[in-house]
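This is model11.txt (compact mmCIF, C-alpha atoms).
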```txt
# COMPACT_ATOMS: atom_id res chain seq x y z
CA MET G 1007 47.93 103.26 66.43
CA GLU G 1008 45.67 101.95 63.69
CA SER G 1009 46.37 101.13 60.07
CA LEU G 1010 44.89 103.24 57.31
CA ASP G 1011 42.00 102.46 55.03
CA PRO G 1012 42.94 103.86 51.60
CA ALA G 1013 39.28 104.08 50.65
CA VAL G 1014 38.45 106.76 53.26
CA ASP G 1015 41.76 108.52 53.90
CA PRO G 1016 43.56 111.22 51.86
CA PRO G 1017 45.55 109.85 48.90
CA VAL G 1018 49.20 109.32 49.70
CA ASP G 1019 50.00 110.40 46.14
CA ALA G 1020 49.71 114.03 47.24
CA LEU G 1021 53.00 113.65 49.16
CA GLN G 1022 55.05 111.66 46.66
CA SER G 1023 56.85 114.54 44.95
CA VAL G 1024 57.86 116.30 48.17
CA PHE G 1025 58.05 113.59 50.84
CA HIS G 1026 59.84 110.23 51.06
CA LEU G 1027 57.20 108.19 52.92
CA TYR G 1028 58.26 105.35 55.26
CA GLU G 1029 55.11 104.59 57.22
CA THR G 1030 51.53 105.78 57.65
CA GLN G 1031 49.48 105.38 60.84
CA ARG G 1032 46.25 106.64 62.37
CA ASP G 1033 46.17 108.14 65.88
CA GLY G 1034 42.57 108.86 66.80
CA ASP G 1035 41.29 111.31 64.19
CA ARG G 1036 44.84 112.22 63.10
CA ILE G 1037 46.80 110.61 60.28
CA LEU G 1038 50.58 110.48 60.72
CA TYR G 1039 52.88 110.21 57.72
CA TYR G 1040 56.45 109.29 58.77
CA GLY G 1041 59.35 109.85 56.43
CA GLU G 1042 61.80 112.43 55.13
CA SER G 1043 60.88 115.78 53.66
CA LEU G 1044 62.49 116.43 50.28
CA VAL G 1045 61.77 120.19 50.30
CA PRO G 1046 61.50 123.00 52.90
CA GLU G 1047 58.47 122.82 55.21
CA GLN G 1048 56.50 125.66 53.65
CA MET G 1049 57.00 124.25 50.16
CA LEU G 1050 55.85 120.81 51.33
CA ILE G 1051 52.66 122.22 52.83
CA ARG G 1052 51.97 124.40 49.79
CA GLU G 1053 52.35 121.45 47.41
CA ALA G 1054 50.40 118.85 49.41
CA TRP G 1055 47.80 121.10 51.00
CA PRO G 1056 45.24 121.33 48.14
CA ALA G 1057 44.70 117.56 47.94
CA PHE G 1058 44.42 117.21 51.70
CA ARG G 1059 42.09 120.20 51.91
CA GLU G 1060 39.83 118.68 49.26
CA ALA G 1061 39.76 115.46 51.29
CA GLY G 1062 38.75 117.42 54.41
CA TYR G 1063 42.11 117.64 56.22
CA GLU G 1064 44.57 120.27 57.37
CA ILE G 1065 48.27 119.37 57.55
CA GLU G 1066 51.33 120.47 59.48
CA VAL G 1067 54.92 119.22 59.66
CA ALA G 1068 56.58 118.00 62.86
CA SER G 1069 59.64 115.99 63.85
CA THR G 1070 60.19 112.91 66.04
CA GLU G 1071 62.93 112.54 68.66
CA THR G 1072 64.96 110.65 66.08
CA ARG G 1073 64.68 113.65 63.69
CA GLU G 1074 62.27 111.79 61.47
CA ASP G 1075 59.82 114.10 59.67
CA VAL G 1076 56.10 113.66 60.31
CA VAL G 1077 53.27 115.13 58.29
CA VAL G 1078 50.26 115.35 60.62
CA ALA G 1079 46.82 115.48 58.99
CA ARG G 1080 43.77 116.50 61.06
CA PRO G 1081 40.14 116.60 59.89
CA ILE G 1082 38.81 120.10 59.29
CA ASP G 1083 36.13 120.74 61.89
CA THR G 1084 34.08 123.93 61.66
CA SER G 1085 31.21 122.66 63.77
CA ILE G 1086 30.31 124.04 67.19
CA ASP G 1087 31.12 121.41 69.79
CA GLY G 1088 28.17 121.40 72.18
CA ILE G 1089 26.82 124.47 73.92
CA PRO G 1090 29.35 127.35 73.93
CA TRP G 1091 29.07 127.95 77.67
CA LYS G 1092 32.14 130.16 77.95
CA ASN G 1093 30.91 132.47 75.19
CA MET G 1094 27.44 132.63 76.72
CA LEU G 1095 28.65 133.29 80.26
CA LEU G 1096 31.02 136.04 79.12
CA PHE G 1097 28.20 137.60 77.09
CA LEU G 1098 25.83 137.55 80.08
CA ALA G 1099 28.53 138.97 82.34
CA THR G 1100 29.14 141.77 79.84
CA ILE G 1101 25.43 142.55 79.70
CA VAL G 1102 25.50 142.98 83.47
CA SER G 1103 28.71 145.05 83.46
CA THR G 1104 27.51 147.38 80.68
CA LEU G 1105 24.12 147.81 82.33
CA LEU G 1106 25.77 148.68 85.64
CA VAL G 1107 28.31 151.08 84.15
CA GLY G 1108 25.71 152.58 81.84
CA ALA G 1109 23.21 153.16 84.64
CA ILE G 1110 25.69 154.81 87.02
CA THR G 1111 27.99 156.64 84.59
CA TRP G 1112 25.84 157.56 81.60
CA TYR G 1113 22.29 157.67 83.02
CA TYR G 1114 23.34 159.18 86.37
CA ILE G 1115 21.42 156.69 88.50
CA PRO G 1116 22.84 156.73 92.06
CA PRO G 1117 24.08 153.36 93.38
CA SER G 1118 21.69 153.77 96.33
CA ASP G 1119 18.76 153.87 93.89
CA LEU G 1120 20.02 150.72 92.19
CA LEU G 1121 20.18 148.94 95.54
CA ALA G 1122 16.69 150.12 96.46
CA ASN G 1123 15.25 149.18 93.07
CA PRO G 1124 17.52 146.81 91.07
CA LEU G 1125 15.17 146.96 88.08
CA SER G 1126 16.09 150.61 87.57
CA ILE G 1127 19.29 149.30 85.97
CA LEU G 1128 17.18 148.47 82.91
CA GLN G 1129 17.11 152.18 82.06
CA ALA G 1130 20.60 151.57 80.65
CA LEU G 1131 19.39 148.92 78.18
CA PRO G 1132 19.76 151.28 75.17
CA PHE G 1133 23.39 151.90 76.14
CA THR G 1134 24.06 148.17 76.52
CA ALA G 1135 22.33 147.36 73.22
CA ALA G 1136 24.40 150.02 71.44
CA ILE G 1137 27.74 148.88 72.86
CA LEU G 1138 27.20 145.15 72.42
CA GLY G 1139 25.45 145.58 69.07
CA VAL G 1140 28.48 147.32 67.60
CA LEU G 1141 31.05 144.93 69.08
CA ALA G 1142 29.10 141.76 68.33
CA THR G 1143 28.40 142.81 64.73
CA HIS G 1144 32.12 143.43 64.18
CA GLU G 1145 33.12 139.98 65.44
CA LEU G 1146 30.23 138.22 63.72
CA GLY G 1147 31.50 139.70 60.45
CA HIS G 1148 34.76 137.81 61.00
CA TYR G 1149 32.88 134.68 62.11
CA VAL G 1150 30.54 134.50 59.12
CA MET G 1151 33.32 135.11 56.60
CA GLY G 1152 35.56 132.56 58.34
CA ARG G 1153 32.84 129.93 58.05
CA TYR G 1154 32.28 130.90 54.42
CA HIS G 1155 35.93 130.19 53.63
CA GLY G 1156 35.98 126.99 55.69
CA VAL G 1157 38.37 128.36 58.34
CA ASN G 1158 37.85 127.12 61.88
CA VAL G 1159 36.91 130.23 63.88
CA SER G 1160 35.33 130.46 67.30
CA LEU G 1161 32.19 132.29 68.27
CA PRO G 1162 32.87 135.79 69.67
CA TYR G 1163 34.16 136.18 73.23
CA VAL G 1164 32.88 139.45 74.75
CA ILE G 1165 35.01 140.71 77.65
CA PRO G 1166 33.31 142.38 80.65
CA PHE G 1167 35.04 145.29 82.36
CA ILE G 1168 34.34 148.40 84.41
CA PHE G 1169 34.41 152.15 83.67
CA PRO G 1170 33.96 153.74 81.19
CA PHE G 1171 32.10 151.31 78.91
CA GLY G 1172 31.63 148.11 80.90
CA THR G 1173 33.61 146.05 78.39
CA LEU G 1174 37.08 145.71 76.88
CA GLY G 1175 35.65 144.63 73.54
CA ALA G 1176 35.26 141.26 71.85
CA ILE G 1177 37.51 138.76 70.10
CA ILE G 1178 37.31 135.57 68.09
CA ARG G 1179 39.93 132.85 67.74
CA MET G 1180 41.08 131.55 64.35
CA ARG G 1181 42.22 127.97 64.83
CA GLY G 1182 42.44 126.77 61.26
CA GLN G 1183 44.94 127.27 58.46
CA MET G 1184 44.42 130.21 56.12
CA PRO G 1185 43.83 128.90 52.58
CA ASP G 1186 44.91 131.95 50.59
CA ARG G 1187 45.19 135.72 50.59
CA ARG G 1188 41.57 136.10 49.51
CA ALA G 1189 40.33 134.27 52.60
CA LEU G 1190 42.73 136.22 54.83
CA PHE G 1191 41.55 139.51 53.33
CA ASP G 1192 37.84 138.67 53.44
CA ILE G 1193 37.95 137.52 57.06
CA GLY G 1194 40.05 140.52 58.09
CA VAL G 1195 37.99 143.16 56.31
CA ALA G 1196 34.56 141.74 57.20
CA GLY G 1197 34.84 142.77 60.86
CA PRO G 1198 35.62 146.49 60.39
CA LEU G 1199 33.08 146.91 57.59
CA ALA G 1200 30.31 145.12 59.49
CA GLY G 1201 31.21 146.95 62.70
CA LEU G 1202 31.28 150.35 60.96
CA THR G 1203 27.88 149.68 59.41
CA ALA G 1204 26.47 148.98 62.88
CA THR G 1205 28.37 152.00 64.23
CA VAL G 1206 26.77 154.37 61.72
CA ILE G 1207 23.30 152.99 62.47
CA VAL G 1208 23.81 153.29 66.23
CA THR G 1209 25.20 156.83 65.88
CA VAL G 1210 22.23 157.97 63.79
CA ILE G 1211 19.79 156.48 66.30
CA GLY G 1212 21.64 158.11 69.19
CA LEU G 1213 21.78 161.53 67.56
CA THR G 1214 18.05 161.51 66.84
CA GLN G 1215 17.08 160.65 70.43
CA SER G 1216 15.97 163.27 72.91
CA PRO G 1217 18.77 164.54 75.20
CA ILE G 1218 18.92 163.42 78.80
CA GLN G 1219 18.99 165.82 81.71
CA ILE G 1220 22.03 165.80 83.98
CA PRO G 1221 20.85 165.82 87.62
CA ALA G 1222 21.77 168.76 89.86
CA ARG G 1223 23.89 166.58 92.16
CA ALA G 1224 26.13 165.66 89.20
CA MET G 1225 26.42 169.29 88.15
CA GLU G 1226 27.48 170.29 91.67
CA GLN G 1227 30.26 167.72 91.96
CA SER G 1228 33.86 168.90 91.67
CA GLY G 1229 36.90 166.95 90.53
CA GLN G 1230 38.06 165.57 87.18
CA MET G 1231 35.83 164.66 84.26
CA ILE G 1232 36.76 162.63 81.19
CA ILE G 1233 35.85 164.20 77.86
CA PHE G 1234 35.40 161.94 74.82
CA ASN G 1235 36.20 164.00 71.73
CA ASN G 1236 34.26 163.43 68.53
CA PRO G 1237 35.93 161.44 65.75
CA PRO G 1238 35.57 163.06 62.31
CA LEU G 1239 33.10 160.37 61.22
CA LEU G 1240 30.77 161.19 64.12
CA ASP G 1241 30.76 164.89 63.20
CA ILE G 1242 30.15 164.03 59.54
CA ILE G 1243 27.12 161.88 60.44
CA ALA G 1244 25.75 164.62 62.72
CA THR G 1245 26.16 167.23 59.98
CA VAL G 1246 24.50 165.05 57.32
CA ILE G 1247 21.38 164.39 59.44
CA GLY G 1248 21.37 167.88 60.97
CA GLU G 1249 21.59 166.85 64.63
CA PRO G 1250 23.81 168.34 67.38
CA THR G 1251 26.51 166.41 69.24
CA ALA G 1252 26.31 168.78 72.24
CA TYR G 1253 23.96 171.37 73.73
CA ASN G 1254 24.48 174.92 74.92
CA ASP G 1255 22.59 174.10 78.10
CA PRO G 1256 25.15 172.36 80.38
CA ARG G 1257 22.28 170.52 82.09
CA MET G 1258 21.53 168.62 78.89
CA SER G 1259 23.53 165.74 77.43
CA VAL G 1260 23.21 163.73 74.24
CA SER G 1261 21.76 160.23 74.45
CA PRO G 1262 24.19 157.62 75.85
CA ILE G 1263 23.40 155.56 72.76
CA ILE G 1264 25.93 157.74 70.92
CA ILE G 1265 28.65 156.27 73.15
CA GLY G 1266 28.05 153.00 71.32
CA GLY G 1267 28.94 154.77 68.09
CA TRP G 1268 32.02 156.35 69.69
CA VAL G 1269 33.18 152.95 70.94
CA GLY G 1270 32.63 151.42 67.49
CA MET G 1271 34.76 154.11 65.86
CA PHE G 1272 37.53 153.96 68.45
CA PHE G 1273 37.77 150.17 68.37
CA THR G 1274 37.83 150.32 64.56
CA VAL G 1275 40.95 152.50 64.73
CA LEU G 1276 42.66 150.07 67.09
CA ASN G 1277 41.67 147.00 65.10
CA LEU G 1278 42.93 148.53 61.86
CA LEU G 1279 46.45 149.05 63.16
CA PRO G 1280 48.40 147.13 60.48
CA VAL G 1281 50.21 144.75 62.82
CA GLY G 1282 50.12 141.05 63.63
CA GLN G 1283 46.80 139.39 64.30
CA LEU G 1284 44.81 142.64 64.32
CA ASP G 1285 42.39 143.17 61.44
CA GLY G 1286 44.68 145.74 59.85
CA GLY G 1287 47.57 143.27 59.97
CA HIS G 1288 45.52 140.61 58.19
CA ILE G 1289 44.21 143.04 55.57
CA LEU G 1290 47.63 144.53 54.79
CA ARG G 1291 49.30 141.10 54.76
CA ALA G 1292 46.77 140.01 52.15
CA MET G 1293 47.30 143.20 50.14
CA LEU G 1294 51.11 143.51 50.29
CA GLY G 1295 52.37 140.03 51.11
CA THR G 1296 55.41 139.81 53.35
CA THR G 1297 56.12 143.53 52.77
CA GLN G 1298 53.49 144.08 55.48
CA GLU G 1299 56.15 143.27 58.09
CA ARG G 1300 58.07 146.45 57.21
CA VAL G 1301 54.95 148.56 57.73
CA ALA G 1302 54.17 146.76 60.99
CA ALA G 1303 57.65 147.58 62.33
CA LEU G 1304 56.86 151.30 61.99
CA VAL G 1305 53.61 151.18 63.98
CA PRO G 1306 55.02 150.88 67.55
CA VAL G 1307 57.56 153.63 66.86
CA SER G 1308 54.87 155.88 65.39
CA LEU G 1309 52.49 155.42 68.33
CA ILE G 1310 55.17 156.04 70.94
CA ALA G 1311 56.33 159.11 68.98
CA LEU G 1312 52.72 160.32 68.92
CA SER G 1313 52.50 159.84 72.67
CA ALA G 1314 55.69 161.84 73.19
CA TYR G 1315 54.46 164.62 70.90
CA LEU G 1316 51.17 164.93 72.81
CA HIS G 1317 53.02 165.13 76.13
CA TYR G 1318 56.08 167.22 75.34
CA GLY G 1319 54.76 169.16 72.37
CA LEU G 1320 51.13 169.81 73.29
CA GLY G 1321 51.30 169.43 77.07
CA TYR G 1322 48.76 166.63 77.57
CA ALA G 1323 48.98 164.59 80.76
CA PHE G 1324 49.76 160.87 80.89
CA ASN G 1325 46.23 160.02 82.06
CA GLU G 1326 44.85 161.57 78.91
CA SER G 1327 45.60 160.24 75.42
CA VAL G 1328 49.37 160.18 76.14
CA GLY G 1329 49.15 156.98 78.15
CA LEU G 1330 46.64 155.50 75.73
CA TRP G 1331 48.93 155.74 72.69
CA ALA G 1332 52.02 154.77 74.72
CA PHE G 1333 50.23 151.61 75.86
CA TRP G 1334 49.20 150.71 72.33
CA GLY G 1335 52.71 151.46 71.09
CA VAL G 1336 54.14 148.87 73.47
CA LEU G 1337 51.31 146.40 72.85
CA SER G 1338 51.60 146.71 69.08
CA ALA G 1339 55.30 145.84 69.33
CA PHE G 1340 54.39 142.48 70.89
CA VAL G 1341 51.56 141.93 68.40
CA ALA G 1342 53.84 142.78 65.46
CA PHE G 1343 56.47 140.32 66.70
CA LYS G 1344 54.02 137.42 66.41
CA GLY G 1345 53.04 138.44 62.89
CA PRO G 1346 49.81 137.94 60.92
CA ALA G 1347 48.39 134.68 59.65
CA ASN G 1348 50.34 133.32 56.67
CA PRO G 1349 48.19 131.92 53.85
CA ILE G 1350 49.06 128.63 52.21
CA ASP G 1351 48.51 130.06 48.73
CA ASP G 1352 50.30 133.43 48.63
CA ALA G 1353 49.06 134.52 45.19
CA PRO G 1354 48.33 138.29 45.05
CA LEU G 1355 44.84 139.75 45.43
CA GLY G 1356 42.83 141.13 42.55
CA ILE G 1357 42.31 144.87 42.08
CA PRO G 1358 38.74 144.95 43.52
CA ARG G 1359 39.88 143.58 46.89
CA VAL G 1360 42.88 145.90 46.98
CA LEU G 1361 40.59 148.90 46.37
CA LEU G 1362 38.22 147.65 49.09
CA GLY G 1363 41.17 147.40 51.46
CA VAL G 1364 42.20 151.00 50.69
CA LEU G 1365 38.60 152.12 51.30
CA THR G 1366 38.51 150.27 54.63
CA PHE G 1367 41.67 151.98 55.86
CA ALA G 1368 40.27 155.33 54.64
CA LEU G 1369 37.09 154.77 56.67
CA GLY G 1370 39.26 153.87 59.64
CA ALA G 1371 41.15 157.15 59.21
CA LEU G 1372 37.82 159.00 59.60
CA CYS G 1373 37.55 157.42 63.05
CA PHE G 1374 41.04 158.50 64.18
CA LEU G 1375 41.73 161.30 66.65
CA LEU G 1376 45.06 162.54 67.97
CA VAL G 1377 43.38 163.12 71.33
CA PRO G 1378 40.42 160.73 71.78
CA ILE G 1379 40.08 161.55 75.49
CA GLU G 1380 40.89 164.54 77.65
CA VAL G 1381 40.59 165.18 81.36
CA ALA G 1382 38.94 168.41 82.52
CA THR G 1383 38.83 169.76 86.07
CA VAL G 1384 35.36 170.70 87.30
CA SER G 1385 35.23 173.14 90.22
```
For this file, write the structure as structure tokens.
Amino acid sequence: MESLDPAVDPPVDALQSVFHLYETQRDGDRILYYGESLVPEQMLIREAWPAFREAGYEIEVASTETREDVVVARPIDTSIDGIPWKNMLLFLATIVSTLLVGAITWYYIPPSDLLANPLSILQALPFTAAILGVLATHELGHYVMGRYHGVNVSLPYVIPFIFPFGTLGAIIRMRGQMPDRRALFDIGVAGPLAGLTATVIVTVIGLTQSPIQIPARAMEQSGQMIIFNNPPLLDIIATVIGEPTAYNDPRMSVSPIIIGGWVGMFFTVLNLLPVGQLDGGHILRAMLGTTQERVAALVPVSLIALSAYLHYGLGYAFNESVGLWAFWGVLSAFVAFKGPANPIDDAPLGIPRVLLGVLTFALGALCFLLVPIEVATVS
């Protein structure tokens, strides 16, 4: 441990009214303040946080084995430490997985043709660009707004997968403290709004492309086929620009680029579920304060009830949207249990941000479908 230099470290005065200080030490880049808290933990952090934040530190409260209170101050670091190899490798892997899935599933290129000519996989580049463009734009919206508010957020992690899209989506990690409700709201809302903007652009591009022809061998196959139903927003866009979303000729199919728009809309719905660390949880927590927890408790019940209604009321099978909503009902219960980020300053939002939040949820509602996917039998 090293002693402190008062000239370069945060002023101890910030703790005087809420903390009885015994000793101060430095441990690497951390500053440890030993003593006894005079107020509850959250009150201590709320009172001392502004001065530490201004000095470039985040603080948290811990305890020693002897039950002595410790205020731990760490420098705020929003820089990128070296080359983000994990982000880059996951991104490259997702490019490969979306190209492969796009080529085989959406461009009907036989695996044998891919083996004979690996470069034929590049025919699926528009599909890959659409999928990753939408997902990356969504996460970069969070990233840029996080940096703007001085919150330590990671670069996006894109997750490779298999059928039907070649990816499970993308995430970022928020590692810093949330200054206030405004920052929580701005970071939460930036992703859906940026992602929806990219989604609309991708959908318009896809709808205006020439249709692709389904090969005879695919038409002759029997078995089950997954149908992706159109969200209301997709139909609205198609109507506005006067383009079809399907063709009377069964041998013709819309451009796979539109799947990028469908994915953007579907992931927007999931992200706007008002629970825990999802975007909707952050936005509603910023809008309603701790009342958000009551809304979050209703989400798992509602999704499981929806799943039961689709199965027992409408007769859909589990491998259709029944299992989808049941899975998200269970998952949202775990996400809700963890809760959203809690801002240091819990002062309410202004009216403009509240209205923007309502608009964001309304746009999300235009992406919602009771039955996003169905399974049809082809004979």
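With distances restricted to only C-alpha atoms, G:Ile1264 is the closest residue to G:Phe1133 from G:Met1231, G:Ala1189, G:Val1301, G:Ile1264.
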Find the nearest atom pair between each residue of stretch 1262-1292 of chain G and stretch 1094-1109 of chain G for residues within 10 Å, count all atoms listed in the file, give distances in Å to one decimal, sort rows by chain and ascending number, and present the table as JSON lines.
```
{"residue": "G:Pro1262", "atom": "CA", "partner": "G:Gly1108", "partner_atom": "CA", "distance": 8.0}
{"residue": "G:Ile1263", "atom": "CA", "partner": "G:Gly1108", "partner_atom": "CA", "distance": 9.8}
{"residue": "G:Ile1265", "atom": "CA", "partner": "G:Gly1108", "partner_atom": "CA", "distance": 9.9}
```
query: Contacts of G:Ser1259 at 9 Å or less, counting all atoms listed in the file, minus same-chain residues fewer than 3 places along, as an MDAnalysis selection string?
result: chainID G and resid 1217:1220 1251:1253 1255:1256 1262
Those selected residues, please, written with C-alpha atoms and delivered as a PDB file, in the frame of the given file.
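The result, written out as part.pdb:
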```
ATOM      1  CA  PRO G1217      18.770 164.540  75.200  1.00  0.00           C
ATOM      2  CA  ILE G1218      18.920 163.420  78.800  1.00  0.00           C
ATOM      3  CA  GLN G1219      18.990 165.820  81.710  1.00  0.00           C
ATOM      4  CA  ILE G1220      22.030 165.800  83.980  1.00  0.00           C
ATOM      5  CA  THR G1251      26.510 166.410  69.240  1.00  0.00           C
ATOM      6  CA  ALA G1252      26.310 168.780  72.240  1.00  0.00           C
ATOM      7  CA  TYR G1253      23.960 171.370  73.730  1.00  0.00           C
ATOM      8  CA  ASP G1255      22.590 174.100  78.100  1.00  0.00           C
ATOM      9  CA  PRO G1256      25.150 172.360  80.380  1.00  0.00           C
ATOM     10  CA  PRO G1262      24.190 157.620  75.850  1.00  0.00           C
TER      11      PRO G1262
END
```
- request: Return the single residue from G:Gly1034, G:Ala1323, G:Gly1194, G:Ala1020 that is closest to G:Ala1061, with distances computed using only C-alpha atoms.
  value: G:Ala1020
task: In Å, rounded to a single decimal, give me how far atom CA of G:Leu1279 is from atom CA of G:Phe1343.
output: 13.8 Å
message: Report, in Å with one decimal, the straight-line distance from atom CA of G:Gly1197 to atom CA of G:His1148.
response: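 Going from atom CA of G:Gly1197 over to atom CA of G:His1148 covers 5.0 Å.
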- prompt: At what distance in Å, to one decimal, does atom CA of G:Ala1292 lie from atom CA of G:Arg1187?
  reply: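 We find that atom CA of G:Arg1187 and atom CA of G:Ala1292 lie 4.8 Å from each other.
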- request: May I have the residues within 7 Å of G:Val1078 as a PyMOL selection string, using only C-alpha atoms and disregarding those fewer than 3 positions away in the same chain?
  value: chain G and resi 1036-1039+1065-1067
Would you mind listing, for every residue of stretch 1042-1114 of chain G within 12 Å of stretch 1352-1369 of chain G, the two atoms forming the shortest contact and the distance between them in Å to one decimal, using all atoms listed in the file, sorted by chain and ascending residue number, as a Markdown table?
```
| residue | atom | partner | partner_atom | distance |
| --- | --- | --- | --- | --- |
| G:Gln1048 | CA | G:Asp1352 | CA | 11.1 |
| G:Met1049 | CA | G:Asp1352 | CA | 11.5 |
| G:Arg1052 | CA | G:Asp1352 | CA | 9.3 |
```
task: Write out as a VMD selection string the residues lying within 8 Å of G:Gly1370, counting all atoms listed in the file and excluding same-chain residues fewer than 3 positions away.
output: chain G and resid 1271 1274 to 1275 1278 1366 to 1367 1373 to 1374
task: Can you pull out every residue within 9 Å of G:Asp1035, counting all atoms listed in the file, but drop anything in the same chain fewer than 4 positions away, and send it as a ChimeraX atom specification?
output: /G:1079-1081
message: I want to know what sits within 12 Å of G:Asp1241, based on only C-alpha atoms, with residues of the same chain fewer than 5 positions away left out; could you give that as a PyMOL selection string?
response: chain G and resi 1206+1209-1210+1213+1235-1236+1246-1252+1264+1267-1268+1271+1372-1373
